[in-house]
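Data block below; observations after.
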Amino acid sequence: MDFGFSPEQEALRQEVKQFIEENVTPELYAEIGGDDEGGASPIIKELRRKVADRGWVGISWPKEYGGQAGSRIDQYIVEEEFARAGIGVGGAGSGAPAILAAGTEEQKQYFLPGLINGEITLALGFTEPQAGADLAGLQCQAVKDGDDWVINGQKMYTSSAHYSTHIYLMARTDPDAPRHRGISIFLVPMDTPGITVRPLWTIQNNPQAPRGTTYGTARTNETFFEDVRIPESCLLGEVNRGWYVGAMGLNLDRVGASRYLISVQRDEDIINWVKENDFDGRSPAEDPAVRDKLAELWIEAQVCRLMTMRSMSIVEAGGEFTYEGSAEKVFAPEHGVKTSESITQMLGPYGSLLNGSPSAISDGIYAHNLMGAFQSGINHGSVQVMRDQVARRGLGMQRA
Ligand SMILES: Cc1cc2nc3c(=O)[nH]c(=O)nc-3n(C[C@H](O)[C@H](O)[C@H](O)COP(=O)(O)OP(=O)(O)OC[C@H]3O[C@@H](n4cnc5c(N)ncnc54)[C@H](O)[C@@H]3O)c2cc1C
């Protein structure tokens, strides 16, 4: 068994690295620094278009929808390099796997090419004030009215809703059905009358935070729906089957290079820092405790990577993907938190200083990342919920 990449894949990686070196410059980081427009900033859109022109987004998608009918491992390589550069332009984000699997021909023709070239961005509208870990308790309602659906309710933590073109929305369409069976998914244009987006700032809201290797979200949102009228064509998949469409999409979206790198990139950064810097002439790389800790973190990072590669291979081979994404979504975020905590311990008190302090290390990136580390154990399914899924789907235990 050969775990290595093929010569063609190594060549692709080099090509992507070179593209990043030429296009993702310090000037670009400076220009996008501090804005909260994310994927909507003109400069990111322009970069995204260039990446799409190279055929590097949606590589594994069918050609008729703008993809290359290529390998998911190739997509992984592209995403890995862009995620390492701290720029999220390598993937198509949440919702895309569900559209591919459950969309009508018209929906695929409309959304998939737009997601590839960045003209369409989808916010994820699942969580509500009373429905997070217990998502099936959601109350946002969609009621059929003639040929239309009318939506009323509130969504929480709708990251990117302030610049997305559409929201991938889970709503209750049959209040009398068992909880999981009365739910449907809609692809709702964000400019539909009746939608209001309000910011929710996270602990990581530091406009001066250095770009490049940060992770976590500075802004997420609350989104309100008041008599939002949408046509039937916005329904994704069968009515009242949205739970299953959504779960499949979420599961697939939990694996991939960007998610894995969110958790392990800190290891690469700190290893480089420790090798290149010293404290008053004393290299931390000579401290046995630091060396031991870094070796331990690096080994765990390799486990994260292998878990990701396993999931990718299963999907690539058309196999059944059940608990693997959940297992990864436990191990990797917990590794990311451990790494961030270990780094600030290794760096001592200066490691906790944020950008703006003259004594901050690397512009406060490690302190900033420590604050953001905890998000990944909660968003996209908390580690507690993921553990329960591993117990049920991986170990065959009954629902608790
Ligand atoms: C930065 C950020 C971005 C996000 N972006 C999005 C987004 O774009 N779209 C979206 O829809 N959602 C998003 N979320 C929401 C996220 O998916 C929820 O926060 C998550 O599902 C937990 O829900 P909750 O916050 O309501 O916490 P709760 O459901 O109240 O849970 C609180 C804690 O209790 C634990 N818990 C709850 N029930 C159980 C149980 N039965 N057994 C064991 N432990 C349990 C949970 O695991 C969690 O640790 C985001 C969250 C964050 C923090």
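Chain labels follow the order of the structure tokens: the first chain is A, the next B, and so on; residue numbering restarts at 1 in every chain, and ligands are counted from 1 in their shown order.
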Residues near Phe111 of chain A, cut-off 10 Å, only C-alpha atoms, skip fewer than 2 positions along chain, as a ChimeraX atom specification: /A:65,95-96,99-100,103,106-109,113-116,119-122,166,187
Given only C-alpha atoms, how would the per-residue table for segment 222-320 of chain A near segment 2-20 of chain A read, listing every residue at most 12 Å away with its closest atom pair and distance in Å to one decimal, sorted by chain and number, as JSON lines?
{"residue": "A:Arg305", "atom": "CA", "partner": "A:Phe3", "partner_atom": "CA", "distance": 11.4}
{"residue": "A:Leu306", "atom": "CA", "partner": "A:Phe3", "partner_atom": "CA", "distance": 9.2}
{"residue": "A:Met309", "atom": "CA", "partner": "A:Phe3", "partner_atom": "CA", "distance": 9.1}
{"residue": "A:Arg310", "atom": "CA", "partner": "A:Phe3", "partner_atom": "CA", "distance": 10.2}
{"residue": "A:Ser313", "atom": "CA", "partner": "A:Phe3", "partner_atom": "CA", "distance": 10.8}
For the selection you just gave me, I'd like the residues written to a file as a JSON list (two decimals), in the first residue's frame, keeping N, CA, C and O atoms.
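See result32.json below for the written result:
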[["chain", "number", "residue", "atom", "x", "y", "z"],
["A", 305, "ARG", "N", -4.14, 13.98, 9.87],
["A", 305, "ARG", "CA", -4.00, 13.96, 8.42],
["A", 305, "ARG", "C", -4.43, 12.59, 7.86],
["A", 305, "ARG", "O", -5.14, 12.50, 6.85],
["A", 306, "LEU", "N", -4.02, 11.53, 8.55],
["A", 306, "LEU", "CA", -4.39, 10.20, 8.07],
["A", 306, "LEU", "C", -5.90, 9.98, 8.16],
["A", 306, "LEU", "O", -6.49, 9.35, 7.28],
["A", 309, "MET", "N", -7.30, 11.71, 5.18],
["A", 309, "MET", "CA", -7.04, 10.97, 3.95],
["A", 309, "MET", "C", -7.95, 9.73, 3.84],
["A", 309, "MET", "O", -8.43, 9.38, 2.78],
["A", 310, "ARG", "N", -8.18, 9.08, 5.01],
["A", 310, "ARG", "CA", -9.07, 7.91, 4.99],
["A", 310, "ARG", "C", -10.47, 8.32, 4.54],
["A", 310, "ARG", "O", -11.06, 7.67, 3.67],
["A", 313, "SER", "N", -10.54, 9.02, 0.90],
["A", 313, "SER", "CA", -10.44, 7.80, 0.08],
["A", 313, "SER", "C", -11.78, 7.07, 0.03],
["A", 313, "SER", "O", -12.15, 6.53, -1.00]]
Can you pull out every residue within 6 Å of Glu79 of chain A, counting only C-alpha atoms, but drop anything in the same chain fewer than 3 positions away, and send it as a VMD selection string? chain A and resid 76 82 to 83 90 257
Neighbours of ligand 1 at 7 Å or closer, counting only C-alpha atoms and all ligand atoms: which residues, as a PyMOL selection string? chain A and resi 123-134+156-160+202+216-217+220+375+378-385
Going by DSSP on the backbone, which residues of segment 102-350 of chain A come out as helix (DSSP H, G or I)? List them as a PyMOL selection string. chain A and resi 102+105-117+135-137+179-181+232-234+242-253+257-276+284-286+288-316+324-350
Enter the distance from atom CA of Gly319 of chain A to atom CA of Met248 of chain A, in Å, rounded to one decimal.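 Between atom CA of Gly319 of chain A and atom CA of Met248 of chain A the gap works out to 13.4 Å.
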Quick one, how far is atom CA of Glu238 of chain A from atom CA of Asn152 of chain A?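 Spanning atom CA of Glu238 of chain A to atom CA of Asn152 of chain A is a straight-line distance of 20.1 Å.
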Near Ile230 of chain A, within 7 Å and counting only C-alpha atoms, which residues show up once chain neighbours fewer than 3 positions away are dropped, as a list in words? Asp148, Trp149, Val150 and Cys234 of chain A
Who sits within 9 Å of Arg198 of chain A, only C-alpha atoms, same chain under 6 positions skipped, as an mmCIF file with N, CA and C atoms, in the first residue's frame:
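What ended up in selection_32.cif:
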data_model
loop_
_atom_site.group_PDB
_atom_site.id
_atom_site.type_symbol
_atom_site.label_atom_id
_atom_site.label_comp_id
_atom_site.auth_asym_id
_atom_site.auth_seq_id
_atom_site.Cartn_x
_atom_site.Cartn_y
_atom_site.Cartn_z
ATOM 1 N N HIS A 162 -23.953 37.862 6.045
ATOM 2 C CA HIS A 162 -23.918 39.299 5.700
ATOM 3 C C HIS A 162 -23.297 39.549 4.334
ATOM 4 N N THR A 220 -20.096 36.402 13.259
ATOM 5 C CA THR A 220 -21.145 35.542 12.739
ATOM 6 C C THR A 220 -22.437 36.379 12.857
ATOM 7 N N ASN A 221 -23.611 35.811 12.687
ATOM 8 C CA ASN A 221 -24.829 36.640 12.618
ATOM 9 C C ASN A 221 -26.034 35.957 13.230
ATOM 10 N N GLU A 222 -27.068 36.778 13.434
ATOM 11 C CA GLU A 222 -28.423 36.268 13.651
ATOM 12 C C GLU A 222 -29.198 36.660 12.395
ATOM 13 N N THR A 223 -30.024 35.775 11.893
ATOM 14 C CA THR A 223 -30.799 36.116 10.691
ATOM 15 C C THR A 223 -32.284 35.887 10.973
ATOM 16 N N PHE A 224 -33.072 36.904 10.664
ATOM 17 C CA PHE A 224 -34.514 36.859 10.951
ATOM 18 C C PHE A 224 -35.304 36.754 9.644
#
Hey, can you check how far atom CA of Asp253 of chain A sits from atom CA of Ile44 of chain A? 21.6 Å
Could you give me, as number ranges by chain, each residue of segment 75-225 of chain A that DSSP assigns to strand (DSSP E or B) when run on this structure's backbone? A: 122-125, 128, 131, 141-145, 148-156, 166-172, 183-189, 195-201, 219-225
